[in-house]
file my_file.txt (compact mmCIF, C-alpha atoms (C1' of nucleotides))
# COMPACT_ATOMS: atom_id res chain seq x y z
CA MET A 1 -10.80 -21.89 12.34
CA SER A 2 -9.89 -19.91 9.26
CA HIS A 3 -7.54 -16.99 8.84
CA GLU A 4 -10.13 -14.45 7.91
CA ASN A 5 -9.85 -12.46 11.08
CA ILE A 6 -6.11 -12.24 10.89
CA LEU A 7 -6.27 -11.18 7.29
CA GLU A 8 -8.78 -8.49 8.11
CA LEU A 9 -6.73 -7.15 10.97
CA PHE A 10 -3.65 -7.20 8.86
CA GLU A 11 -5.32 -5.39 6.01
CA ARG A 12 -6.70 -2.77 8.35
CA LEU A 13 -3.32 -2.13 9.91
CA THR A 14 -1.73 -2.01 6.50
CA LEU A 15 -4.19 0.53 5.14
CA LEU A 16 -3.84 2.82 8.12
CA GLU A 17 -0.10 2.58 8.04
CA LYS A 18 -0.03 3.30 4.34
CA ALA A 19 -2.17 6.40 4.75
CA ASN A 20 0.08 7.62 7.51
CA GLU A 21 3.14 7.00 5.38
CA ARG A 22 1.67 9.09 2.60
CA ALA A 23 0.93 11.93 4.99
CA ILE A 24 4.45 11.92 6.42
CA ALA A 25 6.01 11.75 2.99
CA GLN A 26 3.88 14.60 1.81
CA ALA A 27 4.91 16.72 4.77
CA HIS A 28 8.47 16.44 3.47
CA SER A 29 7.54 16.90 -0.19
CA LEU A 30 8.27 13.28 -0.98
CA GLN A 31 6.29 10.47 -2.49
CA ALA A 32 5.43 7.55 -0.22
CA VAL A 33 7.51 5.14 -2.27
CA GLN A 34 10.47 7.42 -2.07
CA LEU A 35 10.28 7.53 1.69
CA VAL A 36 10.11 3.76 1.91
CA ALA A 37 13.12 3.48 -0.37
CA LEU A 38 14.99 5.98 1.77
CA HIS A 39 14.29 4.03 4.92
CA TYR A 40 15.40 0.87 3.22
CA LEU A 41 18.67 2.45 2.11
CA ALA A 42 19.26 3.60 5.67
CA ARG A 43 19.35 0.06 6.99
CA CYS A 44 20.70 -2.13 4.22
CA ASN A 45 24.28 -3.32 3.96
CA ARG A 46 26.78 -2.48 1.27
CA PHE A 47 25.78 -5.42 -0.91
CA SER A 48 22.20 -4.28 -1.00
CA ASP A 49 22.31 -0.56 -1.68
CA THR A 50 21.96 -0.77 -5.45
CA PRO A 51 18.95 0.17 -7.58
CA ALA A 52 18.42 -3.50 -8.35
CA ALA A 53 18.20 -4.35 -4.65
CA VAL A 54 15.75 -1.54 -4.01
CA THR A 55 13.72 -2.82 -6.94
CA GLU A 56 13.61 -6.26 -5.43
CA TYR A 57 12.75 -4.91 -2.02
CA LEU A 58 9.86 -2.84 -3.29
CA SER A 59 8.68 -5.58 -5.65
CA ALA A 60 8.43 -3.01 -8.41
CA THR A 61 9.94 -2.80 -11.87
CA LYS A 62 13.40 -1.40 -12.37
CA GLY A 63 12.14 1.41 -14.59
CA THR A 64 9.85 2.74 -11.89
CA VAL A 65 12.45 2.47 -9.17
CA SER A 66 15.07 4.11 -11.35
CA GLN A 67 12.84 7.15 -11.65
CA SER A 68 12.10 7.30 -7.95
CA LEU A 69 15.80 7.13 -7.16
CA ILE A 70 16.55 9.89 -9.60
CA GLN A 71 13.99 12.01 -7.75
CA LEU A 72 15.64 11.23 -4.44
CA GLU A 73 18.98 12.21 -5.92
CA LYS A 74 17.57 15.47 -7.27
CA LYS A 75 16.25 16.29 -3.84
CA GLY A 76 19.68 15.74 -2.35
CA MET A 77 18.74 12.76 -0.22
CA VAL A 78 21.07 10.21 -1.80
CA THR A 79 24.13 10.17 -4.03
CA LYS A 80 25.12 7.55 -6.52
CA VAL A 81 28.59 6.06 -6.40
CA GLN A 82 29.77 3.82 -9.18
CA ASP A 83 31.01 0.41 -8.16
CA PRO A 84 34.75 0.13 -8.80
CA GLU A 85 34.58 -3.53 -9.72
CA ASP A 86 31.43 -3.62 -11.82
CA LYS A 87 30.99 -0.38 -13.66
CA ARG A 88 27.35 -1.10 -14.40
CA VAL A 89 26.21 -1.02 -10.79
CA SER A 90 25.92 2.05 -8.64
CA HIS A 91 25.68 2.25 -4.87
CA LEU A 92 23.26 4.60 -3.22
CA LYS A 93 24.59 6.46 -0.22
CA LEU A 94 22.43 8.65 1.98
CA THR A 95 23.48 12.25 2.32
CA SER A 96 23.38 13.92 5.71
CA LEU A 97 20.09 15.46 4.63
CA GLY A 98 18.71 12.01 3.83
CA ARG A 99 19.96 10.60 7.10
CA SER A 100 18.37 13.36 9.13
CA LEU A 101 15.07 12.88 7.34
CA VAL A 102 15.10 9.20 8.12
CA LYS A 103 15.81 10.00 11.74
CA GLN A 104 12.97 12.50 11.87
CA THR A 105 10.43 10.15 10.39
CA ASN A 106 11.60 6.99 12.09
CA GLN A 107 9.34 7.14 15.09
CA LEU A 108 6.31 8.40 13.23
CA ALA A 109 5.03 5.03 12.10
CA LEU A 110 1.57 4.44 13.52
CA LEU A 111 2.55 0.88 14.20
CA ASP A 112 5.54 1.98 16.20
CA GLN A 113 3.32 4.01 18.48
CA ALA A 114 0.73 1.28 18.75
CA LEU A 115 3.34 -1.30 19.65
CA GLY A 116 4.14 0.78 22.69
CA GLY A 117 0.97 -0.65 24.21
CA LEU A 118 2.37 -4.15 24.24
CA ASP A 119 4.66 -5.43 26.93
CA CYS A 120 7.98 -7.09 26.19
CA GLU A 121 6.65 -10.62 26.17
CA GLU A 122 3.89 -9.74 23.79
CA LYS A 123 6.27 -7.98 21.48
CA ALA A 124 8.57 -10.98 21.46
CA ALA A 125 5.66 -13.27 20.72
CA LEU A 126 4.41 -11.05 17.92
CA GLU A 127 7.86 -10.84 16.42
CA SER A 128 8.36 -14.58 16.38
CA LEU A 129 4.92 -15.21 14.94
CA LEU A 130 5.43 -12.69 12.17
CA ARG A 131 8.84 -14.10 11.44
CA LYS A 132 7.46 -17.60 11.23
CA THR A 133 4.79 -16.39 8.84
CA LEU A 134 7.34 -14.66 6.67
CA ILE A 135 9.58 -17.71 6.57
CA GLU A 136 6.62 -19.83 5.64
CA LEU A 137 5.87 -17.41 2.87
CA GLN A 138 9.40 -17.58 1.60
CA ASN A 139 9.28 -21.34 1.52
CA THR A 140 6.23 -21.56 -0.70
CA HIS A 141 7.28 -18.73 -2.97
CA LYS A 142 10.81 -17.82 -3.82
CA HIS A 143 11.00 -14.24 -2.76
CA ALA A 144 14.00 -12.47 -1.40
CA MET A 145 13.57 -11.96 2.28
CA PHE A 146 15.89 -9.13 3.26
CA GLY A 147 17.04 -10.03 6.72
CA PRO A 148 20.14 -9.22 8.82
CA CYS A 149 23.42 -11.05 8.16
CA SER A 150 23.64 -12.00 11.81
CA GLN A 151 20.78 -14.48 11.39
CA CYS A 152 21.62 -15.58 7.87
CA LYS A 153 22.43 -19.08 6.74
CA HIS A 154 25.43 -17.83 4.81
CA LEU A 155 27.13 -16.30 7.84
CA GLN A 156 30.48 -17.93 8.57
CA LYS A 157 33.07 -17.39 11.23
CA SER A 158 36.60 -16.66 10.12
CA LYS A 159 39.74 -15.76 12.00
CA GLY A 160 38.84 -12.84 14.21
CA GLY A 161 35.63 -11.96 12.43
CA HIS A 162 32.81 -13.03 10.17
CA LEU A 163 32.40 -13.78 6.52
CA CYS A 164 29.56 -14.10 4.04
CA GLY A 165 29.55 -17.61 2.63
CA LEU A 166 28.00 -16.38 -0.58
CA THR A 167 30.28 -13.53 -1.54
CA LYS A 168 33.23 -14.61 0.62
CA GLU A 169 33.51 -11.03 1.73
CA PRO A 170 34.39 -10.11 5.31
CA LEU A 171 31.55 -8.82 7.47
CA TYR A 172 32.21 -6.27 10.17
CA GLU A 173 30.17 -5.58 13.25
CA SER A 174 28.14 -2.87 11.57
CA ASP A 175 27.32 -5.14 8.65
CA LEU A 176 25.81 -7.81 10.82
CA VAL A 177 22.80 -5.83 11.94
CA GLN A 178 21.99 -4.40 8.54
CA ILE A 179 19.65 -6.13 6.19
CA CYS A 180 20.83 -7.93 3.08
CA ARG A 181 19.06 -8.92 -0.09
CA GLU A 182 20.66 -12.37 -0.02
CA TYR A 183 19.34 -13.23 3.41
CA THR A 184 18.35 -16.87 3.76
CA HIS A 185 16.81 -18.54 6.75
CA PRO A 186 18.99 -21.31 8.22
CA MET B 1 14.28 -3.68 23.11
CA SER B 2 12.73 -1.52 20.45
CA HIS B 3 10.13 -2.40 17.85
CA GLU B 4 12.44 -2.23 14.88
CA ASN B 5 12.31 -5.91 14.13
CA ILE B 6 8.56 -6.03 14.21
CA LEU B 7 8.32 -3.01 11.99
CA GLU B 8 10.72 -4.56 9.50
CA LEU B 9 8.85 -7.83 9.42
CA PHE B 10 5.61 -6.03 9.04
CA GLU B 11 6.89 -3.89 6.23
CA ARG B 12 8.31 -6.89 4.43
CA LEU B 13 5.03 -8.79 4.68
CA THR B 14 3.14 -5.74 3.55
CA LEU B 15 5.29 -5.17 0.49
CA LEU B 16 5.07 -8.79 -0.62
CA GLU B 17 1.36 -8.87 -0.07
CA LYS B 18 0.90 -5.65 -1.99
CA ALA B 19 2.88 -6.95 -4.95
CA ASN B 20 0.82 -10.10 -4.95
CA GLU B 21 -2.38 -8.10 -4.82
CA ARG B 22 -1.30 -6.11 -7.83
CA ALA B 23 -0.52 -9.26 -9.76
CA ILE B 24 -3.88 -10.84 -8.98
CA ALA B 25 -5.74 -7.67 -9.81
CA GLN B 26 -3.91 -7.37 -13.09
CA ALA B 27 -4.78 -10.94 -14.01
CA HIS B 28 -8.40 -9.86 -13.85
CA SER B 29 -7.85 -6.51 -15.57
CA LEU B 30 -8.43 -4.61 -12.38
CA GLN B 31 -6.44 -2.12 -10.40
CA ALA B 32 -5.19 -3.21 -6.99
CA VAL B 33 -7.29 -0.59 -5.22
CA GLN B 34 -10.35 -1.74 -7.04
CA LEU B 35 -9.82 -5.31 -5.91
CA VAL B 36 -9.41 -4.22 -2.30
CA ALA B 37 -12.60 -2.18 -2.54
CA LEU B 38 -14.41 -5.15 -4.02
CA HIS B 39 -13.31 -7.40 -1.19
CA TYR B 40 -14.39 -4.81 1.30
CA LEU B 41 -17.82 -4.53 -0.25
CA ALA B 42 -18.14 -8.29 -0.11
CA ARG B 43 -17.91 -8.35 3.66
CA CYS B 44 -19.36 -5.09 4.91
CA ASN B 45 -22.87 -4.68 6.25
CA ARG B 46 -25.66 -2.62 4.79
CA PHE B 47 -24.71 0.50 6.74
CA SER B 48 -21.21 0.45 5.32
CA ASP B 49 -21.60 -0.19 1.61
CA THR B 50 -21.57 3.45 0.51
CA PRO B 51 -18.83 5.34 -1.34
CA ALA B 52 -18.15 7.33 1.81
CA ALA B 53 -17.55 4.17 3.82
CA VAL B 54 -15.22 2.78 1.18
CA THR B 55 -13.39 6.09 1.22
CA GLU B 56 -12.94 5.85 4.95
CA TYR B 57 -11.85 2.25 4.75
CA LEU B 58 -9.22 2.92 2.11
CA SER B 59 -8.10 6.14 3.80
CA ALA B 60 -8.25 7.86 0.44
CA THR B 61 -10.06 10.94 -0.77
CA LYS B 62 -13.62 10.69 -1.93
CA GLY B 63 -12.77 11.94 -5.40
CA THR B 64 -10.33 9.10 -6.00
CA VAL B 65 -12.65 6.48 -4.59
CA SER B 66 -15.54 7.78 -6.62
CA GLN B 67 -13.53 7.20 -9.79
CA SER B 68 -12.48 3.70 -8.74
CA LEU B 69 -16.08 2.79 -8.00
CA ILE B 70 -17.20 4.10 -11.36
CA GLN B 71 -14.62 1.81 -12.95
CA LEU B 72 -15.94 -1.14 -10.98
CA GLU B 73 -19.44 -0.29 -12.10
CA LYS B 74 -18.35 -0.04 -15.72
CA LYS B 75 -16.78 -3.45 -15.48
CA GLY B 76 -20.01 -4.90 -14.17
CA MET B 77 -18.71 -5.81 -10.74
CA VAL B 78 -21.02 -3.62 -8.67
CA THR B 79 -24.25 -1.74 -9.11
CA LYS B 80 -25.32 1.44 -7.38
CA VAL B 81 -28.67 1.58 -5.65
CA GLN B 82 -29.96 4.86 -4.36
CA ASP B 83 -30.90 4.97 -0.71
CA PRO B 84 -34.68 5.41 -0.37
CA GLU B 85 -34.40 7.52 2.78
CA ASP B 86 -31.46 9.72 1.91
CA LYS B 87 -31.36 10.42 -1.78
CA ARG B 88 -27.75 11.59 -1.64
CA VAL B 89 -26.30 8.25 -0.63
CA SER B 90 -26.00 5.22 -2.85
CA HIS B 91 -25.42 1.64 -1.80
CA LEU B 92 -22.99 -0.55 -3.67
CA LYS B 93 -24.15 -4.08 -4.31
CA LEU B 94 -21.94 -6.75 -5.82
CA THR B 95 -23.17 -8.33 -9.01
CA SER B 96 -22.86 -12.07 -9.46
CA LEU B 97 -19.79 -11.37 -11.54
CA GLY B 98 -18.29 -9.38 -8.69
CA ARG B 99 -19.14 -12.03 -6.16
CA SER B 100 -17.56 -14.77 -8.21
CA LEU B 101 -14.40 -12.72 -8.65
CA VAL B 102 -14.14 -12.21 -4.92
CA LYS B 103 -14.56 -15.93 -4.41
CA GLN B 104 -11.88 -16.72 -6.95
CA THR B 105 -9.35 -14.34 -5.46
CA ASN B 106 -10.17 -14.97 -1.83
CA GLN B 107 -7.64 -17.66 -1.14
CA LEU B 108 -4.88 -16.15 -3.21
CA ALA B 109 -3.50 -13.86 -0.53
CA LEU B 110 0.10 -14.75 0.20
CA LEU B 111 -0.59 -14.24 3.85
CA ASP B 112 -3.44 -16.67 3.77
CA GLN B 113 -1.16 -19.37 2.44
CA ALA B 114 1.62 -18.51 4.84
CA LEU B 115 -0.72 -18.64 7.82
CA GLY B 116 -1.38 -22.25 6.96
CA GLY B 117 2.00 -22.98 8.52
CA LEU B 118 0.83 -21.87 11.95
CA ASP B 119 -1.12 -24.10 14.28
CA CYS B 120 -4.37 -23.04 15.90
CA GLU B 121 -2.82 -21.72 19.07
CA GLU B 122 -0.36 -19.62 17.17
CA LYS B 123 -3.05 -18.23 14.97
CA ALA B 124 -5.15 -17.31 17.98
CA ALA B 125 -2.17 -15.63 19.60
CA LEU B 126 -1.33 -13.71 16.46
CA GLU B 127 -4.92 -12.61 16.09
CA SER B 128 -5.18 -11.29 19.60
CA LEU B 129 -1.85 -9.51 19.39
CA LEU B 130 -2.77 -7.83 16.14
CA ARG B 131 -6.13 -6.87 17.53
CA LYS B 132 -4.56 -5.38 20.61
CA THR B 133 -2.21 -3.39 18.41
CA LEU B 134 -5.06 -2.12 16.30
CA ILE B 135 -7.09 -1.11 19.32
CA GLU B 136 -4.10 0.69 20.72
CA LEU B 137 -3.77 2.48 17.44
CA GLN B 138 -7.38 3.51 17.50
CA ASN B 139 -7.01 4.89 20.97
CA THR B 140 -4.18 7.22 20.14
CA HIS B 141 -5.63 8.32 16.84
CA LYS B 142 -9.26 8.54 16.01
CA HIS B 143 -9.61 6.28 13.05
CA ALA B 144 -12.58 4.20 12.14
CA MET B 145 -11.87 0.60 12.87
CA PHE B 146 -14.22 -1.46 10.75
CA GLY B 147 -15.01 -4.51 12.86
CA PRO B 148 -17.91 -6.94 13.05
CA CYS B 149 -21.13 -5.96 14.82
CA SER B 150 -20.93 -9.06 16.97
CA GLN B 151 -17.99 -7.61 18.88
CA CYS B 152 -19.12 -4.00 18.82
CA LYS B 153 -19.82 -1.82 21.81
CA HIS B 154 -23.07 -0.67 20.27
CA LEU B 155 -24.54 -4.14 19.99
CA GLN B 156 -27.70 -4.52 22.06
CA LYS B 157 -30.03 -7.39 22.67
CA SER B 158 -33.69 -6.88 21.94
CA LYS B 159 -36.68 -9.20 22.00
CA GLY B 160 -35.73 -12.19 19.90
CA GLY B 161 -32.78 -10.56 18.20
CA HIS B 162 -30.14 -7.87 18.19
CA LEU B 163 -30.05 -4.15 17.64
CA CYS B 164 -27.48 -1.52 16.85
CA GLY B 165 -27.41 1.01 19.69
CA LEU B 166 -26.24 3.70 17.32
CA THR B 167 -28.77 3.46 14.53
CA LYS B 168 -31.42 1.60 16.53
CA GLU B 169 -31.81 -0.68 13.54
CA PRO B 170 -32.36 -4.41 13.96
CA LEU B 171 -29.42 -6.67 13.23
CA TYR B 172 -29.96 -10.11 11.81
CA GLU B 173 -27.65 -13.09 11.99
CA SER B 174 -25.99 -12.27 8.70
CA ASP B 175 -25.33 -8.70 9.80
CA LEU B 176 -23.45 -9.73 12.90
CA VAL B 177 -20.47 -11.25 11.13
CA GLN B 178 -20.08 -8.47 8.59
CA ILE B 179 -17.89 -5.50 9.21
CA CYS B 180 -19.25 -2.06 9.99
CA ARG B 181 -17.73 1.38 9.71
CA GLU B 182 -19.10 2.37 13.10
CA TYR B 183 -17.40 -0.45 14.94
CA THR B 184 -16.19 0.55 18.38
CA HIS B 185 -14.24 -1.59 20.80
CA PRO B 186 -16.12 -2.17 24.07
C1' DG C 1 -40.69 28.56 6.68
C1' DG C 2 -36.90 30.10 4.58
C1' DT C 3 -31.82 30.62 4.88
C1' DT C 4 -27.41 28.74 5.97
C1' DT C 5 -24.42 24.95 6.83
C1' DT C 6 -23.14 20.38 6.31
C1' DT C 7 -22.79 16.03 3.95
C1' DG C 8 -22.64 12.51 -0.03
C1' DG C 9 -21.16 12.27 -4.31
C1' DT C 10 -19.21 13.67 -9.02
C1' DA C 11 -16.04 16.13 -12.36
C1' DT C 12 -11.68 17.78 -13.58
C1' DC C 13 -6.75 18.99 -13.38
C1' DG C 14 -1.86 18.28 -12.53
C1' DA C 15 1.73 15.53 -10.37
C1' DC C 16 3.10 11.21 -9.86
C1' DT C 17 3.32 5.84 -10.02
C1' DC C 18 3.52 1.88 -12.50
C1' DG C 19 4.39 -1.58 -16.22
C1' DA C 20 6.02 -2.35 -20.75
C1' DT C 21 9.16 -1.66 -24.15
C1' DA C 22 13.27 -0.17 -26.09
C1' DC C 23 17.89 1.09 -25.50
C1' DT C 24 22.92 1.58 -23.69
C1' DT C 25 26.76 -0.19 -21.60
C1' DG C 26 29.41 -3.32 -19.08
C1' DT C 27 30.27 -8.26 -17.76
C1' DA C 28 30.18 -13.19 -18.39
C1' DA C 29 29.92 -17.46 -21.29
C1' DC C 30 31.03 -20.02 -24.98
C1' DG D 1 35.58 -12.63 -30.62
C1' DT D 2 30.93 -13.27 -30.74
C1' DT D 3 26.93 -13.93 -28.18
C1' DA D 4 24.14 -13.86 -24.17
C1' DC D 5 23.02 -11.63 -20.09
C1' DA D 6 22.65 -8.10 -16.37
C1' DA D 7 22.37 -3.11 -14.46
C1' DG D 8 20.54 0.87 -15.32
C1' DT D 9 18.12 4.72 -17.98
C1' DA D 10 14.52 6.79 -21.09
C1' DT D 11 9.98 7.14 -22.59
C1' DC D 12 4.98 6.34 -23.19
C1' DG D 13 0.23 5.44 -21.87
C1' DA D 14 -2.97 4.10 -18.32
C1' DG D 15 -4.17 4.84 -14.00
C1' DT D 16 -3.85 6.69 -8.93
C1' DC D 17 -3.96 10.34 -5.91
C1' DG D 18 -4.95 14.93 -3.79
C1' DA D 19 -6.98 19.35 -4.39
C1' DT D 20 -10.40 22.10 -5.83
C1' DA D 21 -14.69 23.17 -7.47
C1' DC D 22 -19.19 21.90 -7.97
C1' DC D 23 -24.17 19.95 -7.39
C1' DA D 24 -27.96 18.22 -4.81
C1' DA D 25 -30.10 16.61 -0.64
C1' DA D 26 -30.47 16.84 4.28
C1' DA D 27 -29.92 19.17 8.75
C1' DA D 28 -29.40 23.05 11.55
C1' DC D 29 -30.57 27.47 12.53
C1' DC D 30 -33.09 31.67 13.23
call {"tool": "encode", "arguments": {"input": "my_file.txt", "output": "structure tokens"}}
result
Amino acid sequence: MSHENILELFERLTLLEKANERAIAQAHSLQAVQLVALHYLARCNRFSDTPAAVTEYLSATKGTVSQSLIQLEKKGMVTKVQDPEDKRVSHLKLTSLGRSLVKQTNQLALLDQALGGLDCEEKAALESLLRKTLIELQNTHKHAMFGPCSQCKHLQKSKGGHLCGLTKEPLYESDLVQICREYTHP
Amino acid sequence: MSHENILELFERLTLLEKANERAIAQAHSLQAVQLVALHYLARCNRFSDTPAAVTEYLSATKGTVSQSLIQLEKKGMVTKVQDPEDKRVSHLKLTSLGRSLVKQTNQLALLDQALGGLDCEEKAALESLLRKTLIELQNTHKHAMFGPCSQCKHLQKSKGGHLCGLTKEPLYESDLVQICREYTHP
DNA sequence: GGTTTTTGGTATCGACTCGATACTTGTAAC
DNA sequence: GTTACAAGTATCGAGTCGATACCAAAAACC
């Protein structure tokens, strides 16, 4: 009748996953937060690769995130590129070292391995249930959701391609699958 | 085809929930970890209310957990009671202050609110999928699982009641719904 | 029965996170 | 042009975390 069981399961999964994340990060001389940020940067689009976006994604404060990003830069995982239009913002690009680290650690998530035990139908069901929960959560609170442009409310078709209704910028194929900080459910 | 979407959704939910946890904890002058520990202690059985069990649950090191528990004790949320049989172990009992805090913060989980948007069938489906995932995870790695005695492999019936096959101790009604560190899936 | 090993728990140290505040610089609003 | 605001950095104190060392009680061993 209540949600207690789900909450417990979720918390348990979360704790195990978190511990695993820490272990993996440590194996590469990184902090857990830094690894999460790195994975985020590897799959966000070019509107969402700024320190501010990472801050929003991690739900942390900009001071903290700034420091973590400086660490990542020191370790040669990312480089900062100043935005040509707005000189205040910088874009974070993964170096080849950063990209290879992401690749190495991609399949190490405990969850990823555990999900191998589900068949396709179950995975689809789980995905849609989780998505529904997340959307519900976004409705009650006003948090950024960070989804792919391809499923976003702001996606528009233009001659021969796509367009973001918010920024009016063209979206190419590669943009569509990446996640964006402005994602809104239709 | 792959699990990427599920992993993303899961990570997003986790990050939001974590941020929320921090905020709630801070509102009560606690650390997030301390609040999680407190909630754990509120629903574990009498075999699982020791510092070692909390350590296992949080997947942290005993040194760290020891400090967190000392903080909780200082703040009057829990009290330590030495085990009469094994003088090394201490049991952590919630004070009335601790219990009331747990009650206050119980319904504040973002997830809890978001799950309100699912109907009963969906919730049941989500629960069983998450459980299957967790069991799968336990099979590949050997982590403690922390489930309720009522669903445990070690549960045995005895004359007029139940019994834990591992410790041979009697289990009363109230024990059955609480979570135990020795939980094993049948 | 006495020695060794293991286990539960604490104490302490350094590296790091995190939040808060203050600050700089660039952009937008009026 | 002045003011407000936004992006990002710097810094400080409180606290987490992992590692190590340590103590005491229990268990295993001979």
call {"tool": "calpha_fit_rmsd", "arguments": {"input": "my_file.txt", "fixed": "chain B", "moving": "chain A"}}
result
0.1 Å
call {"tool": "closest_residue", "arguments": {"input": "my_file.txt", "among": "C:DA28, C:DT3, C:DA11, C:DA20", "to": "chain B", "atoms": "only C-alpha atoms (C1' of nucleotides)"}}
result
C:DA11
call {"tool": "interface_residues", "arguments": {"input": "my_file.txt", "of": "chain D", "to": "chain A", "cutoff": "12 Å", "atoms": "only C-alpha atoms (C1' of nucleotides)", "output": "compact mmCIF listing (two decimals) with C-alpha atoms (C1' of nucleotides), keeping the file's coordinate frame"}}
result
# COMPACT_ATOMS: atom_id res chain seq x y z
C1' DA D 6 22.65 -8.10 -16.37
C1' DA D 7 22.37 -3.11 -14.46
C1' DG D 8 20.54 0.87 -15.32
C1' DT D 9 18.12 4.72 -17.98
C1' DA D 10 14.52 6.79 -21.09
C1' DT D 11 9.98 7.14 -22.59
C1' DC D 17 -3.96 10.34 -5.91
C1' DG D 18 -4.95 14.93 -3.79
call {"tool": "atom_distance", "arguments": {"input": "my_file.txt", "atom1": "atom CA of His3 of chain B", "atom2": "atom CA of Cys152 of chain B"}}
result
29.3 Å
call {"tool": "closest_residue", "arguments": {"input": "my_file.txt", "among": "A:Ala60, A:Ala53, A:Ala25, A:Leu41", "to": "chain C", "atoms": "all atoms listed in the file"}}
result
A:Ala60
call {"tool": "atom_distance", "arguments": {"input": "my_file.txt", "atom1": "atom C1' of DG15 of chain D", "atom2": "atom CA of Thr14 of chain B"}}
result
21.8 Å
call {"tool": "interface_residues", "arguments": {"input": "my_file.txt", "of": "chain C", "to": "chain A", "cutoff": "8 Å", "atoms": "all atoms listed in the file", "output": "mmCIF file with C-alpha atoms (C1' of nucleotides), in the frame of the given file"}}
result
data_model
loop_
_atom_site.group_PDB
_atom_site.id
_atom_site.type_symbol
_atom_site.label_atom_id
_atom_site.label_comp_id
_atom_site.auth_asym_id
_atom_site.auth_seq_id
_atom_site.Cartn_x
_atom_site.Cartn_y
_atom_site.Cartn_z
ATOM 1 C "C1'" DT C 17 3.320 5.840 -10.020
ATOM 2 C "C1'" DC C 18 3.520 1.880 -12.500
ATOM 3 C "C1'" DG C 19 4.390 -1.580 -16.220
ATOM 4 C "C1'" DT C 25 26.760 -0.190 -21.600
ATOM 5 C "C1'" DG C 26 29.410 -3.320 -19.080
ATOM 6 C "C1'" DT C 27 30.270 -8.260 -17.760
#
call {"tool": "closest_residue", "arguments": {"input": "my_file.txt", "among": "B:Leu134, B:Leu163, B:Met77, B:Ile179", "to": "chain A", "atoms": "all atoms listed in the file"}}
result
B:Leu134
call {"tool": "atom_distance", "arguments": {"input": "my_file.txt", "atom1": "atom CA of His162 of chain B", "atom2": "atom CA of Phe47 of chain B"}}
result
15.2 Å
call {"tool": "residues_around", "arguments": {"input": "my_file.txt", "residues": "segment 180-185 of chain B", "least_positions_apart": "3", "cutoff": "7 Å", "atoms": "only C-alpha atoms (C1' of nucleotides)", "output": "list in words"}}
result
Cys44, Asn45, Phe47, Ser48, Ala53, Ala144, Met145, Phe146, Gly147, Pro148, Cys149, Cys152 and Lys153 of chain B
call {"tool": "closest_residue", "arguments": {"input": "my_file.txt", "among": "D:DC12, D:DA19, D:DA4, D:DC29", "to": "DA22 of chain C", "atoms": "all atoms listed in the file"}}
result
D:DC12
call {"tool": "interface_residues", "arguments": {"input": "my_file.txt", "of": "chain A", "to": "chain B", "cutoff": "9 Å", "atoms": "only C-alpha atoms", "output": "ChimeraX atom specification"}}
result
/A:1,3-16,18-19,57-60,109-118,120,122-141,143,145-147
call {"tool": "closest_residue", "arguments": {"input": "my_file.txt", "among": "A:Gly98, A:Pro170, A:Gly76, A:Pro84", "to": "Ala42 of chain A", "atoms": "only C-alpha atoms"}}
result
A:Gly98
call {"tool": "axis_aligned_box", "arguments": {"input": "my_file.txt", "around": "segment 59-69 of chain A", "padding_each_side": "5 Å", "output": "lines of an AutoDock Vina configuration file"}}
result
center_x = 12.1
center_y = 0.9
center_z = -10.1
size_x = 17.4
size_y = 22.9
size_z = 18.9
call {"tool": "closest_residue", "arguments": {"input": "my_file.txt", "among": "D:DA28, D:DC5, D:DA14, D:DC23", "to": "DG8 of chain C", "atoms": "all atoms listed in the file"}}
result
D:DC23
call {"tool": "residues_around", "arguments": {"input": "my_file.txt", "residues": "Leu92 of chain B", "least_positions_apart": "3", "cutoff": "6 Å", "atoms": "only C-alpha atoms (C1' of nucleotides)", "output": "PyMOL selection string"}}
result
chain B and resi 49-50+79-80
call {"tool": "build_atoms", "arguments": {"input": "my_file.txt", "residues": "segment 153-160 of chain B", "atoms": "N, CA and C atoms", "output": "compact mmCIF listing (two decimals), in the coordinates of the input"}}
result
# COMPACT_ATOMS: atom_id res chain seq x y z
N LYS B 153 -19.31 -2.42 20.58
CA LYS B 153 -19.82 -1.82 21.81
C LYS B 153 -21.29 -1.44 21.68
N HIS B 154 -21.69 -1.13 20.48
CA HIS B 154 -23.07 -0.67 20.27
C HIS B 154 -24.09 -1.79 20.14
N LEU B 155 -23.61 -3.03 20.15
CA LEU B 155 -24.54 -4.14 19.99
C LEU B 155 -25.45 -4.26 21.21
N GLN B 156 -26.75 -4.36 20.96
CA GLN B 156 -27.70 -4.52 22.06
C GLN B 156 -28.63 -5.69 21.77
N LYS B 157 -29.05 -6.32 22.86
CA LYS B 157 -30.03 -7.39 22.67
C LYS B 157 -31.43 -6.81 22.72
N SER B 158 -32.29 -7.27 21.85
CA SER B 158 -33.69 -6.88 21.94
C SER B 158 -34.52 -8.16 21.93
N LYS B 159 -35.80 -8.03 21.97
CA LYS B 159 -36.68 -9.20 22.00
C LYS B 159 -36.45 -10.07 20.75
N GLY B 160 -35.89 -11.25 20.99
CA GLY B 160 -35.73 -12.19 19.90
C GLY B 160 -34.62 -11.89 18.91
